[in-house]
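Trainee: The file below is work_30.cif, mmCIF, C-alpha atoms:
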data_work
loop_
_atom_site.label_atom_id
_atom_site.label_comp_id
_atom_site.auth_asym_id
_atom_site.auth_seq_id
_atom_site.Cartn_x
_atom_site.Cartn_y
_atom_site.Cartn_z
CA MET A 1406 -15.17 -44.71 49.30
CA ARG A 1407 -13.61 -47.14 51.77
CA ARG A 1408 -13.15 -50.84 50.90
CA ASN A 1409 -15.41 -52.11 53.63
CA ASP A 1410 -18.08 -49.49 53.10
CA THR A 1411 -21.15 -51.40 51.98
CA ARG A 1412 -23.13 -48.43 50.83
CA ALA A 1413 -23.80 -48.17 47.11
CA PRO A 1414 -22.15 -45.24 45.39
CA THR A 1415 -24.39 -42.32 44.62
CA PRO A 1416 -24.94 -42.24 40.86
CA CYS A 1417 -24.36 -39.00 38.95
CA PRO A 1418 -27.66 -37.45 38.08
CA ALA A 1419 -28.74 -38.33 34.55
CA VAL A 1420 -30.22 -34.89 34.06
CA LEU A 1421 -29.60 -31.43 35.39
CA PRO A 1422 -31.70 -30.87 38.50
CA GLY A 1423 -35.14 -29.61 37.64
CA LEU A 1424 -34.99 -30.54 33.92
CA SER A 1425 -36.67 -33.37 32.15
CA PRO A 1426 -34.35 -35.74 30.22
CA PHE A 1427 -35.49 -34.15 26.93
CA ARG A 1428 -34.73 -30.61 28.10
CA HIS A 1429 -31.44 -31.78 29.56
CA ARG A 1430 -30.31 -33.21 26.18
CA PHE A 1431 -31.62 -30.12 24.36
CA THR A 1432 -29.72 -27.81 26.73
CA LEU A 1433 -26.47 -29.78 26.29
CA PHE A 1434 -26.96 -29.76 22.50
CA ALA A 1435 -27.54 -25.97 22.48
CA VAL A 1436 -24.45 -25.35 24.63
CA ALA A 1437 -22.35 -27.57 22.34
CA LEU A 1438 -23.59 -25.64 19.28
CA LEU A 1439 -22.71 -22.32 20.88
CA VAL A 1440 -19.21 -23.53 21.75
CA LEU A 1441 -18.67 -24.85 18.22
CA ALA A 1442 -19.99 -21.63 16.67
CA GLY A 1443 -17.63 -19.60 18.85
CA LEU A 1444 -14.67 -21.76 17.87
CA ALA A 1445 -15.59 -21.54 14.19
CA ALA A 1446 -15.90 -17.74 14.42
CA CYS A 1447 -12.45 -17.49 15.98
CA ALA A 1448 -10.95 -19.79 13.38
CA THR A 1449 -12.46 -17.97 10.41
CA ALA A 1450 -12.21 -14.36 11.64
CA PRO A 1451 -10.05 -12.39 9.22
CA PRO A 1452 -6.80 -11.17 10.72
CA GLN A 1453 -6.83 -7.56 11.79
CA PRO A 1454 -5.15 -5.38 9.14
CA LEU A 1455 -1.64 -4.33 10.02
CA LYS A 1456 -1.44 -0.56 10.42
CA ALA A 1457 1.58 1.67 10.90
CA ASP A 1458 1.55 3.83 14.03
CA ARG A 1459 4.28 6.17 12.78
CA VAL A 1460 5.92 7.23 9.52
CA VAL A 1461 9.54 8.37 9.36
CA VAL A 1462 11.11 10.00 6.31
CA LYS A 1463 14.89 10.25 6.09
CA LYS A 1464 15.48 12.79 3.34
CA SER A 1465 19.24 12.27 3.07
CA GLU A 1466 18.68 8.53 2.55
CA ARG A 1467 15.58 8.99 0.34
CA LYS A 1468 13.65 6.58 2.60
CA LEU A 1469 10.08 6.46 3.88
CA ILE A 1470 9.72 3.99 6.75
CA LEU A 1471 6.44 2.68 8.16
CA MET A 1472 6.78 1.79 11.85
CA LYS A 1473 4.62 -0.25 14.25
CA GLY A 1474 5.52 -0.46 17.93
CA GLY A 1475 9.07 0.71 17.25
CA LYS A 1476 9.68 -1.92 14.56
CA VAL A 1477 10.00 -1.37 10.82
CA LEU A 1478 6.98 -2.66 8.85
CA ARG A 1479 7.99 -1.45 5.39
CA GLU A 1480 10.62 0.74 3.81
CA TYR A 1481 10.39 2.59 0.48
CA ARG A 1482 12.73 4.60 -1.72
CA VAL A 1483 11.27 8.08 -2.29
CA ALA A 1484 11.62 11.06 -4.56
CA LEU A 1485 11.61 14.48 -2.92
CA GLY A 1486 11.34 18.08 -4.02
CA GLU A 1487 13.71 19.19 -6.76
CA GLN A 1488 15.64 21.16 -4.12
CA PRO A 1489 15.87 18.38 -1.51
CA TYR A 1490 18.43 19.83 0.91
CA GLY A 1491 17.29 21.89 3.87
CA PRO A 1492 13.83 22.49 5.27
CA LYS A 1493 10.99 24.04 3.31
CA MET A 1494 11.20 27.79 3.86
CA GLU A 1495 8.53 29.23 1.62
CA GLU A 1496 6.00 28.46 -1.06
CA GLY A 1497 7.59 27.54 -4.38
CA ASP A 1498 11.07 26.68 -3.07
CA GLU A 1499 10.64 23.03 -4.19
CA ARG A 1500 11.87 21.76 -0.81
CA THR A 1501 10.38 18.95 1.23
CA PRO A 1502 9.60 20.11 4.80
CA GLU A 1503 11.43 18.84 7.88
CA GLY A 1504 9.76 18.36 11.25
CA ALA A 1505 6.93 16.61 13.07
CA TYR A 1506 3.56 16.51 11.32
CA VAL A 1507 0.42 14.37 11.02
CA LEU A 1508 -1.07 12.61 8.00
CA ASP A 1509 -4.40 14.40 8.23
CA TRP A 1510 -6.49 13.56 5.12
CA ARG A 1511 -6.49 11.46 1.96
CA ASN A 1512 -7.34 12.10 -1.69
CA PRO A 1513 -8.03 8.99 -3.81
CA ARG A 1514 -8.52 11.14 -6.96
CA SER A 1515 -5.43 13.31 -6.79
CA ASN A 1516 -3.50 14.57 -9.83
CA TYR A 1517 -0.84 12.17 -8.55
CA TYR A 1518 -1.78 8.55 -7.96
CA LYS A 1519 -3.49 8.64 -4.55
CA ALA A 1520 -2.31 11.24 -2.07
CA ILE A 1521 -2.08 11.47 1.71
CA HIS A 1522 -1.77 15.03 3.03
CA ILE A 1523 0.95 16.03 5.48
CA SER A 1524 -0.12 18.71 7.99
CA TYR A 1525 2.56 21.18 6.83
CA PRO A 1526 2.82 23.99 7.83
CA ASN A 1527 2.92 23.40 11.58
CA GLU A 1528 3.05 26.27 14.09
CA GLN A 1529 6.84 26.53 13.91
CA ASP A 1530 6.71 26.72 10.09
CA LEU A 1531 4.05 29.45 10.28
CA GLN A 1532 6.08 31.51 12.75
CA PHE A 1533 9.18 31.24 10.59
CA ALA A 1534 7.29 32.29 7.45
CA ARG A 1535 5.70 35.27 9.25
CA ALA A 1536 9.09 36.39 10.51
CA MET A 1537 10.50 36.16 6.96
CA GLY A 1538 7.43 37.85 5.44
CA VAL A 1539 6.74 34.93 3.09
CA SER A 1540 4.00 32.35 2.54
CA PRO A 1541 4.96 28.92 3.94
CA GLY A 1542 3.12 27.11 1.16
CA GLY A 1543 1.17 23.93 1.74
CA MET A 1544 -0.39 20.93 0.02
CA ILE A 1545 2.56 18.71 0.84
CA MET A 1546 1.61 15.08 0.22
CA ILE A 1547 2.85 11.52 0.02
CA HIS A 1548 1.74 10.35 -3.43
CA GLY A 1549 2.40 8.14 -6.45
CA LEU A 1550 3.25 9.11 -10.01
CA PRO A 1551 1.35 11.75 -12.03
CA SER A 1552 -2.15 10.47 -12.90
CA TYR A 1553 -2.32 12.60 -16.03
CA ILE A 1554 0.61 10.77 -17.69
CA ARG A 1555 -0.28 7.44 -19.29
CA SER A 1556 2.92 6.68 -21.19
CA PRO A 1557 5.13 4.10 -19.39
CA ALA A 1558 8.18 5.56 -21.17
CA ILE A 1559 7.50 9.02 -19.75
CA LEU A 1560 6.66 7.66 -16.28
CA LYS A 1561 10.00 5.81 -16.28
CA GLN A 1562 11.74 9.20 -16.45
CA TYR A 1563 10.57 9.88 -12.87
CA GLN A 1564 12.52 6.94 -11.42
CA GLY A 1565 15.69 7.60 -9.45
CA ARG A 1566 15.46 11.38 -9.30
CA ASP A 1567 13.89 14.11 -7.17
CA TRP A 1568 11.06 15.64 -9.17
CA THR A 1569 8.26 16.88 -6.89
CA ASN A 1570 7.46 20.44 -5.80
CA GLY A 1571 8.17 19.44 -2.18
CA CYS A 1572 6.07 16.30 -1.81
CA ILE A 1573 7.24 12.76 -1.09
CA ALA A 1574 6.68 10.42 -4.05
CA VAL A 1575 6.74 6.63 -4.41
CA THR A 1576 5.67 4.23 -7.15
CA ASN A 1577 1.95 3.59 -7.62
CA ARG A 1578 2.28 0.01 -6.36
CA GLU A 1579 4.03 1.30 -3.23
CA MET A 1580 1.37 3.99 -2.82
CA ASP A 1581 -1.33 1.29 -2.82
CA GLU A 1582 0.49 -0.46 0.02
CA ILE A 1583 1.05 2.76 2.00
CA TRP A 1584 -2.64 3.63 1.46
CA ARG A 1585 -3.63 0.33 3.13
CA LEU A 1586 -1.12 0.52 5.98
CA VAL A 1587 -1.46 4.17 7.03
CA SER A 1588 -4.54 5.76 8.59
CA VAL A 1589 -5.52 9.40 8.88
CA GLY A 1590 -4.08 10.71 12.13
CA THR A 1591 -0.76 8.84 11.87
CA PRO A 1592 2.21 11.00 12.94
CA ILE A 1593 5.00 11.57 10.42
CA LEU A 1594 8.51 12.72 11.25
CA ILE A 1595 10.54 14.14 8.35
CA LEU A 1596 14.25 14.17 9.08
CA PRO A 1597 17.03 15.93 7.13
#
Translate this file's structure into structure tokens.
Mentor:
Amino acid sequence: MRRNDTRAPTPCPAVLPGLSPFRHRFTLFAVALLVLAGLAACATAPPQPLKADRVVVKKSERKLILMKGGKVLREYRVALGEQPYGPKMEEGDERTPEGAYVLDWRNPRSNYYKAIHISYPNEQDLQFARAMGVSPGGMIMIHGLPSYIRSPAILKQYQGRDWTNGCIAVTNREMDEIWRLVSVGTPILILP
């Protein structure tokens, strides 16, 4: 407004056009409540659980690595099959497979503390076994310690050595963490 303009300034409307003062205040109050409720929901929403998008096993290093977006989430020391060197060739050879697979189902009541199944044998494994005239085997899992053993002294004997029939084993505490961080459908790469 100019200094020498003698017109009175136009006041801001006290209410939204077409609403009575009561409805205007009620509408503003309702909008304020909705905004506050939205802010409170954002502030109290639980964080989304962190999930691995890939699992990598390095047999020679005895490591299982959970990855997310190319970054390491967690790393665990593992036990492998009693014959850890080389790829699994047939049922009963006590070797851990090598190759690209998927974690395709879970068993919370396994003979070994929780178990996540690895989709071994893949097509390449099947072709190799057919060509050799052998069964490729199966039931390869990531799991904890034997559920049927209760003695801590006996369970301690499993530490620091390869003892499975071809599976990938971790401690029960580590298995709980892996169970939370890995979903069915997660790819797993098992390297020599």
Trainee: Can you tell me which residues surround Gln1564 (chain A) at a distance of at most 12 Å, considering only C-alpha atoms, apart from same-chain residues fewer than 2 positions away, and format the answer as a PyMOL selection string?
Mentor: chain A and resi 1482-1485+1549-1550+1557-1562+1566-1569+1574-1577
Trainee: Rank nothing, just name the residue among A:Ile1583, A:Arg1535, A:Ala1457, A:Lys1463 nearest to Leu1478 (chain A), using only C-alpha atoms.
Mentor: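 Looking at the shortest contact to Leu1478 (chain A), the residue is A:Ala1457.
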Trainee: Could you tell me which residues the PyMOL selection byres ((chain A and resi 1496) around 9) grabs in this file, written as a list in words?
Mentor: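 When the PyMOL selection byres ((chain A and resi 1496) around 9) is applied to the shown file, the picked residues are Lys1493, Met1494, Glu1495, Gly1497, Asp1498, Glu1499, Arg1500, Val1539, Ser1540, Pro1541, Gly1542 and Gly1543 of chain A.
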Trainee: Just to confirm, what's the straight-line distance from CA of Val1461 (chain A) to CA of Ile1593 (chain A) in Å (one decimal)?
Mentor: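 These two atoms are separated by 5.7 Å.
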Trainee: Which of these, A:Ala1534, A:Leu1455, A:Leu1508, A:Ile1554, has the shortest distance to Pro1492 (chain A) once you count only C-alpha atoms?
Mentor: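 Looking only at the distances to Pro1492 (chain A), the closest residue turns out to be A:Ala1534.
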